[in-house]
Amino acid sequence: MKIYLDNCCYNRPYDDQQQMRIFLETQAKLHIQNLVIQKKLELVCSFILRYENDENPNFSNRDSIAQFLVNVSTYVGIEYMGNIRITANELMQQGIKMKDATHLACAILAECDYFITTDDKLIKKYFGDKIKVRTPLTFLNDLENKVNA
């Protein structure tokens with residue numbers, strides 16, 4: 001199963017863990033990372049994800065995320081920008097912001113099964129059927145339901 005985590009998902013462990021939702025999403029994201037490391041999930045990354053991570057002013061967080069990205073099985077590079085732009089433009093017509101649309105377009109181009117994010121607005125605005133958009137928690141719920149089915 002191929003998954004794509006967006007930048008906000010990677011940064012969830014660095015958010016204020018006093019809020020229960022943030023704490024639970026952090027735990028779910030860390031579990032997803034373990035599944036990637038164990039090769040139970042295929043991780044997809046893109047040029048836009050690397051760009052956003054490189055712009056992170058917190059060097060420690062940025063380096064930690066970059067180190068995890070060595071586990072990527074598929075990379076969507078800028079050479080696919082033509083196709084990405086077409087899909088991203090369609091997504092932006094749903095009210096999705098440009099960077100989010102670019103992430104989603106990369107995941108769709110890579111034929112990911114899931115796009116994982118902690119961005120509620122993005123989840124509410126995506127109406128497509130090309131990929132499932134989930135939070136880390138709802139993704140793990142889907143995964144568990146598949147195992148138990």
# chains A, B, ... in the order shown; residues from 1 in each chain; ligands from 1
>>> residues_around(residues="segment 90-95 of chain A", least_positions_apart="3", cutoff="10 Å", atoms="only C-alpha atoms", output="count of residues only")
17
>>> residues_around(residues="Thr118 of chain A", least_positions_apart="3", cutoff="12 Å", atoms="only C-alpha atoms", output="PyMOL selection string")
chain A and resi 5-13+15+21-26+28-29+100+115+121-124+133-139
>>> select_by_dssp(residues="segment 10-118 of chain A", states="strand (DSSP E or B)", output="list in words")
Glu42, Leu43, Val44, Cys45, Ser46, Val72, Ser73, Thr74, Tyr75, Val76, Tyr114, Phe115 and Ile116 of chain A
>>> select_by_dssp(residues="segment 12-98 of chain A", states="alpha helix (DSSP H)", output="ChimeraX atom specification")
/A:20-37,47-54,59-68,81-92,98
>>> write_last_selection(atoms="N, CA and C atoms", output="compact mmCIF listing (two decimals), in the first residue's frame")
# COMPACT_ATOMS: atom_id res chain seq x y z
N MET A 20 -5.13 16.78 23.34
CA MET A 20 -5.30 15.34 23.16
C MET A 20 -5.27 14.93 21.68
N ARG A 21 -5.95 15.68 20.83
CA ARG A 21 -5.97 15.32 19.41
C ARG A 21 -4.56 15.32 18.83
N ILE A 22 -3.79 16.34 19.16
CA ILE A 22 -2.43 16.44 18.64
C ILE A 22 -1.58 15.28 19.16
N PHE A 23 -1.73 14.97 20.43
CA PHE A 23 -1.00 13.84 21.01
C PHE A 23 -1.35 12.53 20.30
N LEU A 24 -2.65 12.28 20.10
CA LEU A 24 -3.07 11.03 19.45
C LEU A 24 -2.62 10.97 18.00
N GLU A 25 -2.72 12.10 17.29
CA GLU A 25 -2.24 12.11 15.90
C GLU A 25 -0.73 11.90 15.83
N THR A 26 -0.02 12.42 16.81
CA THR A 26 1.43 12.19 16.87
C THR A 26 1.72 10.71 17.04
N GLN A 27 1.04 10.08 17.97
CA GLN A 27 1.26 8.64 18.19
C GLN A 27 0.92 7.84 16.94
N ALA A 28 -0.16 8.21 16.27
CA ALA A 28 -0.56 7.52 15.04
C ALA A 28 0.48 7.73 13.95
N LYS A 29 0.97 8.95 13.81
CA LYS A 29 1.99 9.24 12.80
C LYS A 29 3.26 8.46 13.08
N LEU A 30 3.67 8.37 14.33
CA LEU A 30 4.87 7.61 14.67
C LEU A 30 4.67 6.11 14.39
N HIS A 31 3.47 5.61 14.62
CA HIS A 31 3.17 4.21 14.29
C HIS A 31 3.24 4.00 12.77
N ILE A 32 2.71 4.93 12.02
CA ILE A 32 2.78 4.85 10.55
C ILE A 32 4.24 4.83 10.11
N GLN A 33 5.07 5.68 10.72
CA GLN A 33 6.50 5.68 10.39
C GLN A 33 7.12 4.31 10.65
N ASN A 34 6.76 3.68 11.76
CA ASN A 34 7.27 2.34 12.05
C ASN A 34 6.86 1.34 10.99
N LEU A 35 5.63 1.43 10.53
CA LEU A 35 5.16 0.53 9.47
C LEU A 35 5.95 0.75 8.18
N VAL A 36 6.33 1.99 7.91
CA VAL A 36 7.17 2.29 6.74
C VAL A 36 8.55 1.67 6.92
N ILE A 37 9.14 1.87 8.07
CA ILE A 37 10.47 1.33 8.35
C ILE A 37 10.46 -0.20 8.25
N PHE A 47 9.10 16.55 -4.55
CA PHE A 47 9.93 17.76 -4.54
C PHE A 47 9.31 18.83 -3.65
N ILE A 48 7.97 18.94 -3.62
CA ILE A 48 7.32 19.98 -2.82
C ILE A 48 7.48 19.68 -1.32
N LEU A 49 7.45 18.41 -0.97
CA LEU A 49 7.65 18.04 0.43
C LEU A 49 9.08 18.36 0.86
N ARG A 50 10.04 18.00 0.03
CA ARG A 50 11.44 18.31 0.36
C ARG A 50 11.66 19.82 0.42
N TYR A 51 11.05 20.55 -0.50
CA TYR A 51 11.18 22.01 -0.50
C TYR A 51 10.64 22.59 0.81
N GLU A 52 9.43 22.17 1.19
CA GLU A 52 8.83 22.69 2.42
C GLU A 52 9.66 22.32 3.64
N ASN A 53 10.16 21.10 3.66
CA ASN A 53 10.99 20.70 4.81
C ASN A 53 12.29 21.51 4.85
N ASP A 54 12.88 21.76 3.69
CA ASP A 54 14.11 22.55 3.64
C ASP A 54 13.90 23.98 4.13
N PHE A 59 16.17 23.71 12.66
CA PHE A 59 17.14 22.79 12.06
C PHE A 59 16.98 21.36 12.57
N SER A 60 16.73 21.21 13.84
CA SER A 60 16.60 19.88 14.42
C SER A 60 15.40 19.13 13.83
N ASN A 61 14.25 19.80 13.78
CA ASN A 61 13.05 19.19 13.20
C ASN A 61 13.27 18.86 11.73
N ARG A 62 13.83 19.83 11.01
CA ARG A 62 14.08 19.66 9.57
C ARG A 62 14.99 18.46 9.32
N ASP A 63 16.06 18.35 10.10
CA ASP A 63 17.01 17.25 9.90
C ASP A 63 16.42 15.90 10.26
N SER A 64 15.61 15.87 11.32
CA SER A 64 14.97 14.63 11.72
C SER A 64 14.02 14.13 10.63
N ILE A 65 13.24 15.03 10.06
CA ILE A 65 12.31 14.66 8.98
C ILE A 65 13.11 14.21 7.76
N ALA A 66 14.16 14.93 7.41
CA ALA A 66 14.98 14.58 6.25
C ALA A 66 15.60 13.19 6.42
N GLN A 67 16.02 12.87 7.63
CA GLN A 67 16.60 11.55 7.89
C GLN A 67 15.58 10.44 7.68
N PHE A 68 14.33 10.70 8.07
CA PHE A 68 13.29 9.69 7.86
C PHE A 68 12.99 9.49 6.38
N MET A 81 6.34 18.12 -13.49
CA MET A 81 5.60 19.35 -13.17
C MET A 81 4.42 19.60 -14.10
N GLY A 82 4.54 19.27 -15.37
CA GLY A 82 3.43 19.48 -16.31
C GLY A 82 2.18 18.75 -15.87
N ASN A 83 2.31 17.45 -15.58
CA ASN A 83 1.17 16.65 -15.13
C ASN A 83 0.69 17.08 -13.75
N ILE A 84 1.63 17.41 -12.89
CA ILE A 84 1.29 17.85 -11.53
C ILE A 84 0.48 19.14 -11.59
N ARG A 85 0.90 20.07 -12.43
CA ARG A 85 0.22 21.37 -12.53
C ARG A 85 -1.23 21.19 -12.99
N ILE A 86 -1.46 20.31 -13.94
CA ILE A 86 -2.82 20.07 -14.44
C ILE A 86 -3.72 19.57 -13.31
N THR A 87 -3.25 18.56 -12.59
CA THR A 87 -4.04 18.00 -11.49
C THR A 87 -4.20 19.00 -10.35
N ALA A 88 -3.12 19.71 -10.02
CA ALA A 88 -3.18 20.70 -8.94
C ALA A 88 -4.19 21.80 -9.27
N ASN A 89 -4.22 22.24 -10.52
CA ASN A 89 -5.20 23.27 -10.91
C ASN A 89 -6.62 22.78 -10.73
N GLU A 90 -6.88 21.53 -11.06
CA GLU A 90 -8.22 20.95 -10.85
C GLU A 90 -8.56 20.94 -9.35
N LEU A 91 -7.59 20.58 -8.53
CA LEU A 91 -7.80 20.53 -7.08
C LEU A 91 -8.02 21.92 -6.49
N MET A 92 -7.31 22.91 -7.02
CA MET A 92 -7.48 24.28 -6.52
C MET A 92 -8.87 24.81 -6.82
N MET A 98 -2.68 26.13 -3.10
CA MET A 98 -1.72 25.68 -4.10
C MET A 98 -0.74 24.62 -3.60
>>> residues_around(residues="Ser73 of chain A", least_positions_apart="5", cutoff="7 Å", atoms="only C-alpha atoms", output="PDB file with C-alpha atoms, in the first residue's frame")
ATOM      1  CA  GLU A  42       5.413   2.160   0.815  1.00  0.00           C
ATOM      2  CA  LEU A  43       6.266   5.813   1.390  1.00  0.00           C
ATOM      3  CA  VAL A  44       6.037   8.388  -1.402  1.00  0.00           C
TER       4      VAL A  44
END
